[in-house]
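> So that you have it, the file is upload-v1.pdb, and it contains PDB, C-alpha atoms:
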```
MODEL        1
ATOM      1  CA  MET T   1     -30.442 -70.796 -12.001
ATOM      2  CA  ASN T   2     -28.246 -72.729 -14.428
ATOM      3  CA  SER T   3     -24.481 -72.453 -14.356
ATOM      4  CA  SER T   4     -24.375 -70.413 -17.556
ATOM      5  CA  ARG T   5     -26.717 -67.776 -16.141
ATOM      6  CA  LEU T   6     -24.784 -67.747 -12.838
ATOM      7  CA  LYS T   7     -21.551 -67.225 -14.705
ATOM      8  CA  GLN T   8     -23.036 -64.243 -16.573
ATOM      9  CA  PHE T   9     -24.185 -62.611 -13.320
ATOM     10  CA  SER T  10     -20.788 -63.169 -11.763
ATOM     11  CA  ILE T  11     -19.081 -61.464 -14.678
ATOM     12  CA  LEU T  12     -21.568 -58.586 -14.464
ATOM     13  CA  PHE T  13     -20.935 -58.043 -10.729
ATOM     14  CA  VAL T  14     -17.184 -58.057 -11.292
ATOM     15  CA  MET T  15     -17.503 -55.482 -14.075
ATOM     16  CA  LEU T  16     -19.747 -53.273 -11.918
ATOM     17  CA  GLY T  17     -17.199 -53.473  -9.107
ATOM     18  CA  ILE T  18     -14.379 -52.419 -11.411
ATOM     19  CA  ILE T  19     -16.431 -49.495 -12.751
ATOM     20  CA  SER T  20     -17.295 -48.363  -9.206
ATOM     21  CA  LEU T  21     -13.651 -48.547  -8.230
ATOM     22  CA  LEU T  22     -12.614 -46.454 -11.230
ATOM     23  CA  VAL T  23     -15.288 -43.857 -10.525
ATOM     24  CA  ALA T  24     -14.226 -43.674  -6.881
ATOM     25  CA  CYS T  25     -10.589 -43.198  -7.850
ATOM     26  CA  GLY T  26     -11.488 -40.544 -10.394
ATOM     27  CA  SER T  27     -13.623 -38.771  -7.824
ATOM     28  CA  SER T  28     -10.804 -38.859  -5.265
ATOM     29  CA  GLU T  29      -8.357 -37.449  -7.778
ATOM     30  CA  GLY T  30     -10.856 -34.774  -8.751
ATOM     31  CA  ASP T  31     -11.445 -33.922  -5.104
ATOM     32  CA  ALA T  32      -7.702 -33.804  -4.509
ATOM     33  CA  GLU T  33      -7.302 -31.504  -7.481
ATOM     34  CA  LYS T  34     -10.101 -29.280  -6.206
ATOM     35  CA  GLU T  35      -8.544 -29.238  -2.770
ATOM     36  CA  GLY T  36      -5.268 -28.222  -4.367
ATOM     37  CA  ASP T  37      -7.025 -25.431  -6.235
ATOM     38  CA  SER T  38      -8.804 -24.424  -3.053
ATOM     39  CA  SER T  39      -5.507 -24.300  -1.204
ATOM     40  CA  LYS T  40      -4.030 -22.190  -3.985
ATOM     41  CA  ASN T  41      -7.006 -19.832  -3.868
ATOM     42  CA  ALA T  42      -6.677 -19.599  -0.122
ATOM     43  CA  ASP T  43      -3.071 -18.485  -0.554
ATOM     44  CA  GLU T  44      -4.107 -15.958  -3.151
ATOM     45  CA  SER T  45      -6.914 -14.693  -0.925
ATOM     46  CA  GLY T  46      -4.206 -13.304   1.344
ATOM     47  CA  LEU T  47      -4.397 -10.341  -1.048
ATOM     48  CA  LYS T  48      -7.531  -8.233  -1.164
ATOM     49  CA  ASP T  49      -9.378  -7.305  -4.327
ATOM     50  CA  THR T  50      -9.046  -3.590  -3.566
ATOM     51  CA  TYR T  51      -6.546  -1.504  -1.606
ATOM     52  CA  THR T  52      -6.750   2.095  -0.445
ATOM     53  CA  VAL T  53      -3.758   4.041  -1.758
ATOM     54  CA  ALA T  54      -2.809   7.369  -0.203
ATOM     55  CA  SER T  55      -0.945  10.059  -2.081
ATOM     56  CA  ASP T  56      -0.217  13.754  -1.978
ATOM     57  CA  THR T  57      -1.191  15.914  -4.928
ATOM     58  CA  SER T  58       1.446  18.633  -4.819
ATOM     59  CA  PHE T  59       4.626  16.707  -5.561
ATOM     60  CA  VAL T  60       5.254  17.167  -9.278
ATOM     61  CA  PRO T  61       6.144  15.216 -11.321
ATOM     62  CA  PHE T  62       5.377  12.297  -9.001
ATOM     63  CA  GLU T  63       1.766  13.070  -8.135
ATOM     64  CA  PHE T  64      -0.357  16.103  -8.902
ATOM     65  CA  LYS T  65      -3.749  17.066 -10.266
ATOM     66  CA  GLU T  66      -4.068  18.072 -13.902
ATOM     67  CA  ASP T  67      -7.338  18.755 -15.740
ATOM     68  CA  GLY T  68      -9.279  17.224 -12.863
ATOM     69  CA  GLU T  69      -7.305  13.975 -12.805
ATOM     70  CA  TYR T  70      -4.460  12.697 -10.639
ATOM     71  CA  VAL T  71      -1.367  12.083 -12.725
ATOM     72  CA  GLY T  72       2.376  11.662 -12.312
ATOM     73  CA  PHE T  73       5.144   9.108 -12.125
ATOM     74  CA  ASP T  74       4.017   7.595  -8.819
ATOM     75  CA  ILE T  75       0.384   7.416  -9.915
ATOM     76  CA  GLU T  76       1.200   5.575 -13.120
ATOM     77  CA  LEU T  77       3.639   3.279 -11.353
ATOM     78  CA  ILE T  78       1.204   2.165  -8.630
ATOM     79  CA  LYS T  79      -1.489   1.576 -11.253
ATOM     80  CA  ALA T  80       0.915  -0.584 -13.272
ATOM     81  CA  ILE T  81       1.837  -2.534 -10.125
ATOM     82  CA  ALA T  82      -1.837  -3.048  -9.268
ATOM     83  CA  ASP T  83      -2.520  -4.336 -12.784
ATOM     84  CA  GLU T  84       0.449  -6.696 -12.554
ATOM     85  CA  VAL T  85      -0.589  -8.117  -9.174
ATOM     86  CA  GLY T  86      -4.305  -8.106  -9.970
ATOM     87  CA  PHE T  87      -5.959  -5.735  -7.491
ATOM     88  CA  GLU T  88      -7.927  -2.514  -7.789
ATOM     89  CA  ILE T  89      -6.955   0.719  -6.055
ATOM     90  CA  GLU T  90      -8.993   3.428  -4.386
ATOM     91  CA  LEU T  91      -6.903   6.593  -4.473
ATOM     92  CA  GLU T  92      -7.192   9.010  -1.558
ATOM     93  CA  THR T  93      -5.240  12.226  -1.156
ATOM     94  CA  THR T  94      -3.937  13.815   2.020
ATOM     95  CA  ASN T  95      -1.198  16.143   3.173
ATOM     96  CA  PHE T  96       2.199  14.474   3.236
ATOM     97  CA  ASP T  97       2.520  14.628   7.020
ATOM     98  CA  GLY T  98      -0.723  12.646   7.358
ATOM     99  CA  ILE T  99       0.395   9.676   5.264
ATOM    100  CA  ILE T 100       2.415   7.687   7.816
ATOM    101  CA  PRO T 101      -0.153   8.191  10.617
ATOM    102  CA  GLY T 102      -2.897   7.140   8.193
ATOM    103  CA  LEU T 103      -1.051   3.919   7.410
ATOM    104  CA  GLN T 104      -0.560   3.259  11.111
ATOM    105  CA  THR T 105      -4.249   3.653  11.916
ATOM    106  CA  GLY T 106      -5.370   1.565   8.953
ATOM    107  CA  SER T 107      -6.980   4.441   7.054
ATOM    108  CA  PHE T 108      -4.731   3.517   4.116
ATOM    109  CA  ASP T 109      -3.177   0.240   2.996
ATOM    110  CA  ILE T 110      -0.543   1.657   0.663
ATOM    111  CA  ALA T 111       1.044   5.056   0.149
ATOM    112  CA  VAL T 112       3.027   6.363  -2.793
ATOM    113  CA  ALA T 113       4.194   9.957  -2.541
ATOM    114  CA  GLY T 114       7.935  10.200  -2.999
ATOM    115  CA  ILE T 115       8.420   8.740   0.480
ATOM    116  CA  SER T 116      12.062   8.374   1.467
ATOM    117  CA  ILE T 117      12.970   5.077   3.106
ATOM    118  CA  LYS T 118      14.194   6.000   6.593
ATOM    119  CA  GLU T 119      14.946   3.849   9.622
ATOM    120  CA  ASP T 120      12.529   5.754  11.854
ATOM    121  CA  ARG T 121       9.759   5.334   9.287
ATOM    122  CA  LYS T 122      10.496   1.606   8.928
ATOM    123  CA  LYS T 123       9.542   1.219  12.576
ATOM    124  CA  LYS T 124       6.065   2.508  11.755
ATOM    125  CA  VAL T 125       5.382   1.111   8.266
ATOM    126  CA  ASP T 126       6.833  -1.399   5.834
ATOM    127  CA  PHE T 127       8.480  -0.405   2.566
ATOM    128  CA  SER T 128       8.797  -1.939  -0.855
ATOM    129  CA  ASP T 129      12.152  -2.239  -2.550
ATOM    130  CA  PRO T 130      13.469   1.183  -3.643
ATOM    131  CA  TYR T 131      11.998   2.409  -6.918
ATOM    132  CA  TYR T 132      13.659   5.826  -7.294
ATOM    133  CA  GLN T 133      16.863   7.430  -6.021
ATOM    134  CA  SER T 134      16.617  11.086  -5.125
ATOM    135  CA  GLY T 135      18.493  13.694  -3.104
ATOM    136  CA  LEU T 136      18.108  17.241  -1.810
ATOM    137  CA  ALA T 137      18.533  20.329  -3.980
ATOM    138  CA  ILE T 138      18.702  24.018  -3.145
ATOM    139  CA  GLY T 139      16.547  26.507  -5.005
ATOM    140  CA  VAL T 140      16.996  30.283  -4.757
ATOM    141  CA  SER T 141      15.876  33.404  -6.589
ATOM    142  CA  SER T 142      17.534  33.862  -9.951
ATOM    143  CA  ASP T 143      19.179  37.111  -8.803
ATOM    144  CA  ASN T 144      20.546  35.581  -5.583
ATOM    145  CA  ASP T 145      24.315  35.202  -5.876
ATOM    146  CA  SER T 146      25.070  34.902  -2.163
ATOM    147  CA  ILE T 147      23.806  31.332  -1.754
ATOM    148  CA  LYS T 148      25.810  28.800  -3.750
ATOM    149  CA  SER T 149      26.085  25.803  -1.435
ATOM    150  CA  MET T 150      24.720  24.197   1.723
ATOM    151  CA  GLU T 151      27.247  26.136   3.841
ATOM    152  CA  ASP T 152      25.717  29.407   2.651
ATOM    153  CA  LEU T 153      22.347  28.437   4.178
ATOM    154  CA  GLU T 154      23.613  28.884   7.752
ATOM    155  CA  GLY T 155      21.417  31.331   9.623
ATOM    156  CA  LYS T 156      18.938  31.538   6.734
ATOM    157  CA  THR T 157      15.188  30.920   6.519
ATOM    158  CA  ILE T 158      14.711  27.840   4.378
ATOM    159  CA  ALA T 159      11.340  26.840   2.953
ATOM    160  CA  THR T 160      10.453  23.159   2.753
ATOM    161  CA  ARG T 161       7.605  20.702   3.080
ATOM    162  CA  LEU T 162       5.956  19.935   6.411
ATOM    163  CA  GLY T 163       7.022  16.560   7.792
ATOM    164  CA  SER T 164       9.655  15.945   5.121
ATOM    165  CA  THR T 165      13.166  14.561   5.499
ATOM    166  CA  SER T 166      14.493  17.893   4.235
ATOM    167  CA  ALA T 167      12.888  19.636   7.226
ATOM    168  CA  THR T 168      14.701  17.203   9.508
ATOM    169  CA  TYR T 169      17.942  17.791   7.605
ATOM    170  CA  ILE T 170      17.667  21.556   8.045
ATOM    171  CA  ASN T 171      17.062  21.272  11.785
ATOM    172  CA  GLU T 172      19.852  18.769  12.352
ATOM    173  CA  ASN T 173      22.565  19.895   9.942
ATOM    174  CA  ILE T 174      22.345  23.599   9.081
ATOM    175  CA  LYS T 175      23.515  25.864  11.875
ATOM    176  CA  ASN T 176      21.076  28.541  13.078
ATOM    177  CA  ALA T 177      18.794  27.939  10.095
ATOM    178  CA  LYS T 178      15.032  28.176  10.375
ATOM    179  CA  ALA T 179      12.967  25.514   8.603
ATOM    180  CA  SER T 180       9.866  27.280   7.348
ATOM    181  CA  GLN T 181       7.524  24.334   6.711
ATOM    182  CA  PHE T 182       4.483  24.354   4.429
ATOM    183  CA  GLU T 183       1.754  21.786   3.839
ATOM    184  CA  GLN T 184       1.679  22.563   0.123
ATOM    185  CA  LEU T 185       4.884  22.776  -1.887
ATOM    186  CA  ASP T 186       3.622  25.633  -4.029
ATOM    187  CA  GLN T 187       3.559  27.723  -0.849
ATOM    188  CA  ALA T 188       7.208  26.882  -0.176
ATOM    189  CA  TYR T 189       8.296  28.015  -3.638
ATOM    190  CA  LEU T 190       6.150  31.146  -3.335
ATOM    191  CA  ALA T 191       7.915  31.972  -0.069
ATOM    192  CA  VAL T 192      11.233  32.084  -1.937
ATOM    193  CA  GLU T 193       9.754  34.059  -4.810
ATOM    194  CA  ASN T 194       8.254  36.719  -2.538
ATOM    195  CA  GLY T 195      11.344  36.957  -0.333
ATOM    196  CA  SER T 196       9.895  35.580   2.914
ATOM    197  CA  ALA T 197      12.353  32.658   2.659
ATOM    198  CA  ASP T 198      15.945  32.759   1.453
ATOM    199  CA  ALA T 199      15.884  29.375  -0.274
ATOM    200  CA  ILE T 200      14.004  26.134  -0.632
ATOM    201  CA  LEU T 201      15.581  22.801   0.235
ATOM    202  CA  TYR T 202      13.673  19.826  -1.063
ATOM    203  CA  ASP T 203      13.786  16.677  -3.199
ATOM    204  CA  ALA T 204      15.804  17.360  -6.343
ATOM    205  CA  PRO T 205      13.336  16.033  -8.948
ATOM    206  CA  ASN T 206      10.587  18.251  -7.602
ATOM    207  CA  VAL T 207      12.799  21.364  -7.378
ATOM    208  CA  ASN T 208      14.066  20.806 -10.916
ATOM    209  CA  TYR T 209      10.598  20.138 -12.320
ATOM    210  CA  TYR T 210       9.062  23.189 -10.645
ATOM    211  CA  ILE T 211      11.779  25.510 -11.912
ATOM    212  CA  LYS T 212      11.526  24.011 -15.393
ATOM    213  CA  THR T 213       7.739  24.409 -15.628
ATOM    214  CA  LYS T 214       6.792  27.287 -13.305
ATOM    215  CA  GLY T 215       9.720  28.888 -11.538
ATOM    216  CA  ASP T 216      11.239  31.130 -14.192
ATOM    217  CA  ASN T 217      12.633  33.396 -11.495
ATOM    218  CA  LEU T 218      14.251  30.561  -9.524
ATOM    219  CA  LYS T 219      17.428  28.554 -10.052
ATOM    220  CA  VAL T 220      19.136  25.484  -8.583
ATOM    221  CA  VAL T 221      22.495  25.972  -6.875
ATOM    222  CA  GLY T 222      25.030  23.647  -5.295
ATOM    223  CA  ASP T 223      25.331  19.890  -5.497
ATOM    224  CA  LEU T 224      22.895  17.045  -4.892
ATOM    225  CA  TYR T 225      22.849  16.351  -1.167
ATOM    226  CA  GLN T 226      21.729  13.474   1.047
ATOM    227  CA  ALA T 227      21.030  10.737  -1.519
ATOM    228  CA  GLU T 228      17.725   9.035  -0.696
ATOM    229  CA  ASP T 229      15.720   6.077  -1.972
ATOM    230  CA  TYR T 230      11.968   6.330  -2.429
ATOM    231  CA  GLY T 231       9.833   3.352  -1.509
ATOM    232  CA  ILE T 232       6.154   2.422  -1.566
ATOM    233  CA  ALA T 233       4.905   2.435   2.034
ATOM    234  CA  ILE T 234       2.616  -0.359   3.246
ATOM    235  CA  SER T 235       0.822  -0.654   6.567
ATOM    236  CA  LYS T 236       2.349  -3.177   8.962
ATOM    237  CA  GLY T 237       1.176  -6.791   8.971
ATOM    238  CA  GLN T 238       0.734  -7.204   5.201
ATOM    239  CA  GLY T 239       3.805  -9.209   4.298
ATOM    240  CA  GLU T 240       2.112 -10.909   1.354
ATOM    241  CA  LEU T 241       1.285  -7.486  -0.118
ATOM    242  CA  VAL T 242       4.881  -6.290   0.293
ATOM    243  CA  THR T 243       6.096  -9.404  -1.537
ATOM    244  CA  ALA T 244       3.539  -9.003  -4.315
ATOM    245  CA  ILE T 245       4.454  -5.342  -4.848
ATOM    246  CA  ASN T 246       8.170  -6.151  -4.932
ATOM    247  CA  ASP T 247       7.604  -8.970  -7.440
ATOM    248  CA  ALA T 248       5.498  -6.690  -9.638
ATOM    249  CA  LEU T 249       8.064  -3.898  -9.454
ATOM    250  CA  ALA T 250      10.809  -6.312 -10.537
ATOM    251  CA  THR T 251       8.656  -7.521 -13.436
ATOM    252  CA  LEU T 252       7.952  -3.964 -14.609
ATOM    253  CA  LYS T 253      11.673  -3.227 -14.610
ATOM    254  CA  GLU T 254      12.384  -6.395 -16.577
ATOM    255  CA  ASN T 255       9.699  -5.948 -19.216
ATOM    256  CA  GLY T 256      10.470  -2.265 -19.866
ATOM    257  CA  LYS T 257       7.240  -0.800 -18.483
ATOM    258  CA  TYR T 258       9.078   0.958 -15.646
ATOM    259  CA  ASP T 259      11.481   2.589 -18.128
ATOM    260  CA  GLU T 260       8.541   3.701 -20.255
ATOM    261  CA  ILE T 261       6.830   5.421 -17.310
ATOM    262  CA  TYR T 262      10.125   6.930 -16.104
ATOM    263  CA  GLU T 263      11.006   8.397 -19.489
ATOM    264  CA  LYS T 264       7.526   9.876 -19.858
ATOM    265  CA  TRP T 265       7.862  11.935 -16.658
ATOM    266  CA  PHE T 266      11.590  12.665 -16.505
ATOM    267  CA  GLY T 267      12.445  12.957 -20.177
ATOM    268  CA  LYS T 268      15.121  10.277 -20.078
ATOM    269  CA  LYS T 269      15.573   6.624 -19.236
ATOM    270  CA  PRO T 270      16.776   5.724 -15.738
ATOM    271  CA  GLU T 271      20.509   5.327 -15.345
TER     272      GLU T 271
ENDMDL
END
```
Spit out the file's structure as structure tokens when you get a sec.

Amino acid sequence: MNSSRLKQFSILFVMLGIISLLVACGSSEGDAEKEGDSSKNADESGLKDTYTVASDTSFVPFEFKEDGEYVGFDIELIKAIADEVGFEIELETTNFDGIIPGLQTGSFDIAVAGISIKEDRKKKVDFSDPYYQSGLAIGVSSDNDSIKSMEDLEGKTIATRLGSTSATYINENIKNAKASQFEQLDQAYLAVENGSADAILYDAPNVNYYIKTKGDNLKVVGDLYQAEDYGIAISKGQGELVTAINDALATLKENGKYDEIYEKWFGKKPE
């Protein structure tokens, strides 16, 4: 082989080596990028595609059934949060007193039902940041002029919801009062209307909404008592879900979607 031909082959081998090196580098970078994407996806896979959400259907205007569909402030809010985070929800309904146990046993992942954030509950489930501030209100018959404040409930029969913080409040703070607890809130209001209970003590937005829409023969008396924050309850051990829900809730408050949902169900923007 003459020197000219040898020189050509040498140049060719050098060029092939450079090309191989470039391809190898490109492949390594591509693999690194894929590994980065894979790592990112692995982080994201900490969230499931679908979560089971528990709710109660008798807590207007937060969650209730209308024309065969579940509607209300809580229902719209959890759907907006799910859309923001990027997961689907499977809605299941249960009595309020079954929600916390259901979260503990893993029957539900999330619960939204006007659940007050309480220290004893925080030992059993995790909570999102507060999304609504409530309190307790007293409802009595329209012709009842003897009950005007919490002090007037002493020794009375007071209707409320089974397993609620208002039931605990009655037992711990109102002397000689009997907490008549009902699974369904409509039953509690009916007890006041038919005279089997002297008053109802329950979350103010629900008492006000019921009287506005159904309870023509009831009225609210006294002040707002025992200010409470509602939170979305999440079963223990899902820290990434708690963070995602909190981030989504903050985003909805920033972009105005939360205000839009709030105004739809309460007739005014949040203070």
> Please determine, counting all atoms listed in the file, which residue among T:Thr165, T:Ser141, T:Asn255, T:Thr243 has the shortest atom-to-atom distance to Glu119 (chain T).
T:Thr165
> Run the PyMOL selection byres ((chain T and resi 126-140) around 7) against the file shown and list the residues it catches, as an MDAnalysis selection string.
chainID T and resid 122 125 141:142 144 192 198:204 207 218:236 242 245:246
> Please indicate the distance in Å from CA of Val85 (chain T) to CA of Glu254 (chain T), rounded to one decimal place.
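Rounded to one decimal, the two atoms are 15.0 Å apart.
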> To one decimal place in Å, what is the distance between CA of Ala248 (chain T) and CA of Leu103 (chain T)?
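Separation of CA of Ala248 (chain T) and CA of Leu103 (chain T): 21.1 Å.
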> One number please: CA of Ala113 (chain T) to CA of Ile75 (chain T), in Å, one decimal.
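CA of Ile75 (chain T) lies at a distance of 8.7 Å from CA of Ala113 (chain T).
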> Between T:Ala191, T:Val53, T:Val60, T:Leu47, single out the one closest to Tyr210 (chain T), counting all atoms listed in the file.
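Closest residue, counting all atoms listed in the file: T:Val60.
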> Translate the PyMOL selection byres ((chain T and resi 102) around 12), as applied to the file shown, into an explicit residue set as a PyMOL selection string.
chain T and resi 52-55+92-101+103-111+124-125+233-236
> The PyMOL selection byres ((chain T and resi 172-178) around 7) - which residues does that actually catch in the file I just gave you? List them as a list in words.
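Going through the file, the PyMOL selection byres ((chain T and resi 172-178) around 7) ends up selecting Leu153, Glu154, Gly155, Lys156, Thr157, Ile158, Thr168, Tyr169, Ile170, Asn171, Ala179 and Ser180 of chain T.
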> With distances taken over all atoms listed in the file, which residue among T:Pro61, T:Ala159, T:Ala80, T:Ile117 lies nearest Ala197 (chain T)?
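Looking at the shortest contact to Ala197 (chain T), the residue is T:Ala159.
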> Got a sec: who's within 9 Å of Gly72 (chain T), counting all atoms listed in the file, leaving out chain neighbours fewer than 2 positions off, as a compact mmCIF listing (two decimals) with C-alpha atoms, in the coordinates of the input?

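Okay, around.txt is ready:
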```txt
# COMPACT_ATOMS: atom_id res chain seq x y z
CA PHE T 59 4.63 16.71 -5.56
CA VAL T 60 5.25 17.17 -9.28
CA PRO T 61 6.14 15.22 -11.32
CA PHE T 62 5.38 12.30 -9.00
CA GLU T 63 1.77 13.07 -8.14
CA PHE T 64 -0.36 16.10 -8.90
CA LYS T 65 -3.75 17.07 -10.27
CA TYR T 70 -4.46 12.70 -10.64
CA ASP T 74 4.02 7.60 -8.82
CA ILE T 75 0.38 7.42 -9.91
CA GLU T 76 1.20 5.58 -13.12
CA LEU T 77 3.64 3.28 -11.35
CA TRP T 265 7.86 11.94 -16.66
```
> Counting all atoms listed in the file, figure out which residue out of T:Leu185, T:Leu241, T:Ala167, T:Leu190 gets nearest to Ala82 (chain T).
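Using all atoms listed in the file, Ala82 (chain T) sits closest to T:Leu241.
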> Considering all atoms listed in the file, return as a list in words whatever protein or nucleic-acid residues lie within 10 Å of Glu84 (chain T), sequence-local ones (same chain, fewer than 3 positions apart) excluded.
Ile78, Lys79, Ala80, Ile81, Phe87, Ala244, Ile245, Asp247, Ala248, Leu249, Thr251 and Leu252 of chain T
> Produce the centre coordinates and the three edge lengths, each in Å to one decimal, of the box along x, y and z that contains all listed atoms of region 112-115 of chain T with 6 Å added on each side, as lines of an AutoDock Vina configuration file.

```
center_x = 5.7
center_y = 8.3
center_z = -1.3
size_x = 17.4
size_y = 15.8
size_z = 15.5
```
